[in-house]
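Text of the file work_7.txt, holding compact mmCIF, C-alpha atoms:
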# COMPACT_ATOMS: atom_id res chain seq x y z
CA MET A 1 112.21 43.94 -41.41
CA LYS A 2 111.93 46.46 -38.60
CA ILE A 3 115.51 47.60 -39.18
CA TYR A 4 114.96 48.05 -42.88
CA LEU A 5 111.82 50.08 -42.41
CA ASN A 6 113.37 52.37 -39.80
CA LEU A 7 116.36 53.07 -42.03
CA SER A 8 114.21 53.66 -45.08
CA LEU A 9 112.14 56.23 -43.25
CA PHE A 10 115.21 57.99 -41.88
CA VAL A 11 116.93 58.23 -45.23
CA PHE A 12 113.73 59.26 -46.98
CA CYS A 13 113.65 62.35 -44.77
CA TRP A 14 116.78 63.47 -46.61
CA ALA A 15 115.07 63.16 -49.98
CA PRO A 16 114.51 66.94 -50.48
CA LEU A 17 118.27 67.42 -50.15
CA LEU A 18 119.16 64.63 -52.57
CA SER A 19 118.44 64.06 -56.23
CA GLU A 20 116.38 61.01 -55.27
CA PRO A 21 115.39 59.12 -52.12
CA ILE A 22 117.77 56.36 -51.08
CA ASP A 23 116.48 53.16 -49.52
CA PRO A 24 119.17 50.87 -48.12
CA GLN A 25 119.07 47.20 -48.94
CA LEU A 26 119.33 44.88 -45.96
CA LEU A 27 121.32 41.87 -47.12
CA LYS A 28 122.74 38.78 -45.49
CA LEU A 29 125.93 36.86 -46.09
CA SER A 30 125.53 33.45 -47.66
CA PRO A 31 125.36 30.68 -45.02
CA LYS A 32 128.72 29.27 -46.11
CA ARG A 33 130.44 32.63 -45.66
CA ALA A 34 128.55 33.55 -42.50
CA GLU A 35 129.65 30.40 -40.71
CA ARG A 36 133.28 31.26 -41.43
CA THR A 37 133.09 34.68 -39.76
CA THR A 38 134.06 35.36 -36.17
CA SER A 39 132.81 38.81 -35.21
CA LEU A 40 130.71 40.05 -38.13
CA ASN A 41 126.97 40.49 -38.17
CA PRO A 42 125.88 38.39 -41.18
CA GLU A 43 123.42 41.17 -42.06
CA TYR A 44 124.76 44.33 -43.67
CA LEU A 45 123.47 47.42 -45.46
CA VAL A 46 124.00 48.54 -49.04
CA PHE A 47 123.14 52.04 -50.29
CA LYS A 48 123.03 52.73 -54.03
CA THR A 49 123.82 56.38 -54.76
CA ASN A 50 123.72 58.67 -57.79
CA GLY A 51 121.72 56.70 -60.29
CA ASN A 52 121.22 53.05 -61.09
CA PRO A 53 124.68 51.82 -62.09
CA GLU A 54 124.85 49.00 -64.59
CA ASP A 55 128.58 48.39 -64.24
CA ASN A 56 131.87 49.95 -63.17
CA ALA A 57 130.40 51.57 -60.06
CA SER A 58 132.66 52.67 -57.24
CA LEU A 59 132.37 50.92 -53.88
CA LEU A 60 132.85 52.73 -50.57
CA ILE A 61 132.97 50.65 -47.39
CA TYR A 62 132.29 52.36 -44.06
CA LEU A 63 133.45 50.77 -40.78
CA HIS A 64 131.64 52.09 -37.72
CA GLY A 65 133.08 53.05 -34.35
CA GLY A 66 132.71 51.33 -31.00
CA SER A 67 129.21 52.65 -30.34
CA GLY A 68 127.94 50.62 -33.30
CA ILE A 69 128.97 47.23 -31.95
CA GLY A 70 126.03 44.82 -31.63
CA SER A 71 123.17 43.76 -33.87
CA ASP A 72 121.27 47.04 -34.30
CA LEU A 73 121.89 47.95 -37.93
CA HIS A 74 119.78 51.09 -37.56
CA ARG A 75 122.57 52.59 -35.44
CA VAL A 76 125.37 51.97 -37.92
CA GLY A 77 123.21 53.02 -40.85
CA GLU A 78 122.73 56.41 -39.26
CA GLN A 79 126.51 56.79 -38.98
CA ALA A 80 126.82 56.44 -42.77
CA HIS A 81 124.23 59.08 -43.72
CA ALA A 82 126.80 61.89 -43.98
CA LEU A 83 128.67 59.83 -46.58
CA ILE A 84 125.51 59.24 -48.59
CA PHE A 85 124.71 62.94 -48.56
CA GLY A 86 128.30 63.91 -49.43
CA ILE A 87 128.43 61.60 -52.45
CA HIS A 88 125.27 63.26 -53.79
CA GLN A 89 126.25 66.80 -52.85
CA PHE A 90 129.63 66.59 -54.57
CA GLU A 91 128.36 64.50 -57.48
CA LYS A 92 130.51 61.42 -57.04
CA GLY A 93 129.44 58.08 -58.31
CA PRO A 94 127.64 56.00 -59.31
CA CYS A 95 128.65 54.37 -56.06
CA PHE A 96 127.59 51.61 -53.71
CA VAL A 97 128.12 52.28 -50.01
CA VAL A 98 128.40 49.14 -47.89
CA VAL A 99 127.98 49.28 -44.11
CA PRO A 100 128.88 46.12 -42.15
CA GLN A 101 128.52 45.70 -38.39
CA CYS A 102 130.83 44.21 -35.78
CA LEU A 103 129.18 41.92 -33.24
CA ARG A 104 129.83 41.91 -29.53
CA SER A 105 132.44 39.41 -28.40
CA LYS A 106 131.26 36.10 -26.99
CA HIS A 107 133.66 36.75 -24.10
CA SER A 108 132.33 39.25 -21.56
CA SER A 109 135.79 40.76 -21.02
CA GLU A 110 136.12 41.74 -24.68
CA ARG A 111 134.00 44.09 -26.74
CA GLY A 112 134.64 42.63 -30.19
CA THR A 113 136.53 44.32 -33.01
CA TRP A 114 137.07 44.25 -36.76
CA GLN A 115 138.86 41.30 -38.28
CA GLU A 116 140.23 41.31 -41.81
CA LYS A 117 139.20 37.69 -42.44
CA ASP A 118 135.55 38.55 -41.84
CA LEU A 119 135.74 41.71 -43.91
CA ASN A 120 137.33 39.91 -46.86
CA LEU A 121 134.47 37.42 -46.88
CA LEU A 122 132.04 40.33 -46.97
CA LEU A 123 133.88 42.10 -49.78
CA ASP A 124 134.06 38.93 -51.87
CA GLU A 125 130.30 38.57 -51.63
CA VAL A 126 129.56 42.22 -52.41
CA ILE A 127 131.71 42.02 -55.54
CA GLU A 128 129.78 38.94 -56.65
CA LYS A 129 126.38 40.56 -56.06
CA PHE A 130 126.94 44.07 -57.43
CA PRO A 131 128.53 45.58 -60.58
CA VAL A 132 131.54 47.00 -58.78
CA ASP A 133 134.72 48.24 -60.43
CA SER A 134 137.44 46.36 -58.53
CA ASP A 135 139.85 49.25 -59.21
CA LYS A 136 137.58 51.74 -57.42
CA ILE A 137 137.10 50.20 -53.99
CA TYR A 138 137.51 52.71 -51.16
CA LEU A 139 137.69 52.20 -47.39
CA THR A 140 136.98 54.58 -44.55
CA GLY A 141 136.12 54.19 -40.88
CA ASN A 142 135.77 56.15 -37.69
CA SER A 143 137.42 55.50 -34.29
CA MET A 144 137.31 51.70 -33.94
CA GLY A 145 136.43 51.77 -37.64
CA GLY A 146 139.57 53.82 -38.22
CA TYR A 147 141.49 51.00 -36.57
CA GLY A 148 139.64 48.60 -38.86
CA ALA A 149 140.73 50.63 -41.88
CA TRP A 150 144.39 50.50 -40.77
CA LEU A 151 144.08 46.77 -40.10
CA TRP A 152 142.30 45.79 -43.30
CA GLY A 153 144.21 48.17 -45.55
CA GLY A 154 147.52 47.21 -43.95
CA THR A 155 146.80 43.50 -44.28
CA CYS A 156 145.20 43.47 -47.73
CA PRO A 157 146.41 46.65 -49.52
CA GLU A 158 145.84 45.11 -52.94
CA ARG A 159 142.08 45.35 -52.46
CA PHE A 160 141.81 49.14 -52.18
CA ALA A 161 142.24 52.20 -54.35
CA ALA A 162 142.47 54.41 -51.24
CA ILE A 163 141.81 54.34 -47.50
CA ALA A 164 140.84 57.13 -45.13
CA PRO A 165 141.01 56.23 -41.41
CA ILE A 166 139.45 58.83 -39.10
CA VAL A 167 140.53 59.18 -35.43
CA GLY A 168 141.61 55.56 -35.64
CA GLY A 169 143.45 53.50 -33.10
CA ILE A 170 146.35 51.26 -34.07
CA GLY A 171 145.72 48.25 -31.82
CA PRO A 172 142.84 45.78 -31.37
CA ARG A 173 142.39 46.36 -27.64
CA GLY A 174 141.52 50.03 -27.65
CA PRO A 175 143.20 53.46 -27.87
CA LYS A 176 146.17 52.58 -25.68
CA ASP A 177 147.05 49.45 -27.64
CA VAL A 178 149.65 49.30 -30.44
CA SER A 179 149.56 46.41 -32.88
CA PRO A 180 152.76 44.35 -33.19
CA ASP A 181 152.00 44.36 -36.92
CA LEU A 182 152.29 48.15 -37.24
CA GLU A 183 155.51 48.03 -39.28
CA LYS A 184 154.04 45.37 -41.55
CA TRP A 185 150.91 47.46 -42.12
CA ALA A 186 153.01 50.53 -42.86
CA PHE A 187 155.17 48.66 -45.37
CA ASN A 188 152.10 47.26 -47.13
CA LEU A 189 150.44 50.69 -47.27
CA ALA A 190 153.47 52.38 -48.80
CA THR A 191 151.93 52.03 -52.27
CA VAL A 192 148.32 52.86 -51.35
CA PRO A 193 146.87 56.40 -51.20
CA VAL A 194 146.15 57.09 -47.53
CA TYR A 195 144.55 60.17 -46.01
CA ALA A 196 144.22 60.02 -42.23
CA PHE A 197 142.30 62.50 -40.10
CA ALA A 198 142.59 63.26 -36.39
CA GLY A 199 141.58 65.78 -33.76
CA GLY A 200 144.22 67.72 -31.86
CA ARG A 201 142.02 67.74 -28.75
CA ASP A 202 140.91 64.13 -29.00
CA ASN A 203 141.01 62.59 -25.52
CA VAL A 204 139.55 59.26 -26.70
CA VAL A 205 142.00 58.32 -29.45
CA PRO A 206 144.92 60.79 -29.41
CA ALA A 207 146.06 62.24 -32.73
CA GLU A 208 149.46 60.66 -32.02
CA ARG A 209 148.00 57.28 -33.07
CA SER A 210 147.29 58.46 -36.61
CA ILE A 211 150.49 60.52 -36.79
CA ARG A 212 152.57 57.50 -35.77
CA MET A 213 150.96 55.36 -38.47
CA VAL A 214 151.45 57.89 -41.26
CA ASP A 215 155.03 58.56 -40.15
CA ALA A 216 155.76 54.82 -40.34
CA ILE A 217 154.33 54.59 -43.86
CA CYS A 218 156.45 57.53 -45.01
CA ARG A 219 159.56 56.15 -43.31
CA LEU A 220 159.12 52.87 -45.20
CA GLY A 221 158.96 54.58 -48.56
CA GLY A 222 155.35 55.62 -48.84
CA LYS A 223 154.80 58.83 -50.80
CA LEU A 224 151.01 58.65 -51.04
CA ALA A 225 150.18 59.00 -47.35
CA LYS A 226 149.17 62.21 -45.60
CA ILE A 227 147.35 63.36 -42.50
CA LYS A 228 145.21 66.30 -41.46
CA VAL A 229 144.93 67.14 -37.77
CA TYR A 230 142.10 69.49 -36.84
CA GLN A 231 143.85 71.16 -33.92
CA ASP A 232 140.71 72.63 -32.35
CA MET A 233 138.58 69.46 -32.57
CA GLY A 234 138.20 66.36 -30.44
CA HIS A 235 136.89 62.90 -31.27
CA ASN A 236 134.08 64.24 -33.47
CA VAL A 237 136.29 64.88 -36.51
CA ARG A 238 134.15 62.52 -38.61
CA GLN A 239 131.46 65.19 -38.92
CA LYS A 240 133.94 67.69 -40.36
CA VAL A 241 135.62 65.25 -42.73
CA TYR A 242 132.48 63.70 -44.21
CA SER A 243 131.01 67.13 -44.96
CA SER A 244 134.10 68.42 -46.80
CA LYS A 245 134.46 68.50 -50.58
CA GLU A 246 138.16 67.79 -50.16
CA PHE A 247 137.48 64.33 -48.78
CA TYR A 248 135.32 63.23 -51.73
CA ASP A 249 137.51 64.86 -54.38
CA TRP A 250 140.57 63.12 -52.98
CA MET A 251 139.04 59.67 -52.50
CA PHE A 252 137.10 59.36 -55.74
CA SER A 253 140.07 60.53 -57.82
CA LYS A 254 142.00 57.39 -56.89
CA VAL A 255 142.13 54.28 -59.03
CA ARG A 256 143.94 51.13 -57.99

Could you spell out this file's structure in structure tokens?
Amino acid sequence: MKIYLNLSLFVFCWAPLLSEPIDPQLLKLSPKRAERTTSLNPEYLVFKTNGNPEDNASLLIYLHGGSGIGSDLHRVGEQAHALIFGIHQFEKGPCFVVVPQCLRSKHSSERGTWQEKDLNLLLDEVIEKFPVDSDKIYLTGNSMGGYGAWLWGGTCPERFAAIAPIVGGIGPRGPKDVSPDLEKWAFNLATVPVYAFAGGRDNVVPAERSIRMVDAICRLGGKLAKIKVYQDMGHNVRQKVYSSKEFYDWMFSKVR
């Protein structure tokens, strides 16, 4: 309850800028699904934007970066606020925005990371609970969440109308890691609209990670993938992307 109240108060402060205040729902995976997950917080947040959709609403899933790992949903909810504001500002929707959280690893030597099996369980439940148009499911993530977008989109491309990884890595063990499944991901993403974003001065996750992934998709026949590198920016590209009209116009124009 404390998490829900904190988030509600934070989002309510944005009310003068939005057409209406937005209170996130704090939901929990069903026990049967929760027990099948490995690294996912069973609690997650759902924001309902631009009206009260009855059916055929878009669904945007946001995967947080490494600083959001743990069980403090207030932290990852804050990361999604720019998306909520952007959807209202540029009049996209109706749309549900879902924000899951990655738990810390049970092993002290590992920090935990996104796993597509967990995320598929979450998506299945969200589709059951909300009137979502299955042809308008979008995926974005930042840093470790950008890796999660590559992983999930590359493993289950049939689930998404478009993906937008931001300063994302391409391996589960951090920025220096490269997944052995990279070619498989690239092949699977050849038919999915992809817009990657990176910072030319990023010393955390070099732009080369995103460039390599997009190049692989194009090499394997993909014609719907592109990348924008902000040459004068570092790892904080998310702020620029999620405040740009281009991002929302591109993403919400896609239908699976």

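The residue that comes closest to Glu78 in chain A, out of A:His235, A:His64, A:Lys184, A:Lys228 and on the basis of only C-alpha atoms, is A:His64.
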
Would you kindly return, as a VMD selection string, each protein, DNA or RNA residue with an atom no farther than 10 Å from any atom of Gln231 in chain A, considering only C-alpha atoms and excluding same-chain residues fewer than 4 positions away?
chain A and resid 198 to 202 207

Looking at A:Ser179, A:Asn120, A:Gln79, A:Asn142, which one is nearest to Pro157 in chain A, with distances taken over only C-alpha atoms?
A:Asn120

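Counting all atoms listed in the file, the residue from A:Tyr242, A:Phe90, A:Phe252, A:Tyr147 that sits nearest to Pro193 in chain A is A:Phe252.
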
May I have the residues within 9 Å of Asp72 in chain A as a ChimeraX atom specification, using all atoms listed in the file and disregarding those fewer than 3 positions away in the same chain?
/A:3,68-69,75-76,101

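As for CA of Gln115 in chain A and CA of Ala82 in chain A, they are spaced 24.5 Å apart.
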
For Arg173 in chain A: contacts at 12 Å, all atoms listed in the file, fewer than 4 positions along chain excluded, given as an mmCIF file with C-alpha atoms, keeping the file's coordinate frame:
data_model
loop_
_atom_site.group_PDB
_atom_site.id
_atom_site.type_symbol
_atom_site.label_atom_id
_atom_site.label_comp_id
_atom_site.auth_asym_id
_atom_site.auth_seq_id
_atom_site.Cartn_x
_atom_site.Cartn_y
_atom_site.Cartn_z
ATOM 1 C CA GLY A 66 132.710 51.330 -31.000
ATOM 2 C CA SER A 109 135.790 40.760 -21.020
ATOM 3 C CA GLU A 110 136.120 41.740 -24.680
ATOM 4 C CA ARG A 111 134.000 44.090 -26.740
ATOM 5 C CA GLY A 112 134.640 42.630 -30.190
ATOM 6 C CA THR A 113 136.530 44.320 -33.010
ATOM 7 C CA TRP A 114 137.070 44.250 -36.760
ATOM 8 C CA MET A 144 137.310 51.700 -33.940
ATOM 9 C CA TYR A 147 141.490 51.000 -36.570
ATOM 10 C CA GLY A 148 139.640 48.600 -38.860
ATOM 11 C CA GLY A 169 143.450 53.500 -33.100
ATOM 12 C CA ASP A 177 147.050 49.450 -27.640
ATOM 13 C CA VAL A 178 149.650 49.300 -30.440
ATOM 14 C CA SER A 179 149.560 46.410 -32.880
ATOM 15 C CA PRO A 180 152.760 44.350 -33.190
#

Put a box with edges along x, y and z around all the listed atoms of range 129-144 of chain A, pad it by 3 Å on each side, then give me its centre and sizes in Å, one decimal, as AutoDock Vina command-line options.
--center_x 133.1 --center_y 48.4 --center_z -47.3 --size_x 19.5 --size_y 21.6 --size_z 32.6

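Minimum atom-to-atom distance to Trp185 in chain A, evaluated using all atoms listed in the file, belongs to A:Thr155 out of A:Thr155, A:Gln89, A:Thr49, A:Asn203.
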
For CA of Thr191 in chain A and CA of Trp250 in chain A, determine how far apart the two atoms are, in Å to one decimal place.
15.9 Å

Computed interatomic separation between CA of Ser67 in chain A and CA of Pro94 in chain A (Å):
29.2 Å

Range 55-62 of chain A: which residues within 7 Å, counting all atoms listed in the file, same-chain residues fewer than 3 positions away excluded, as a ChimeraX atom specification?
/A:80,93-99,131-133,136-141
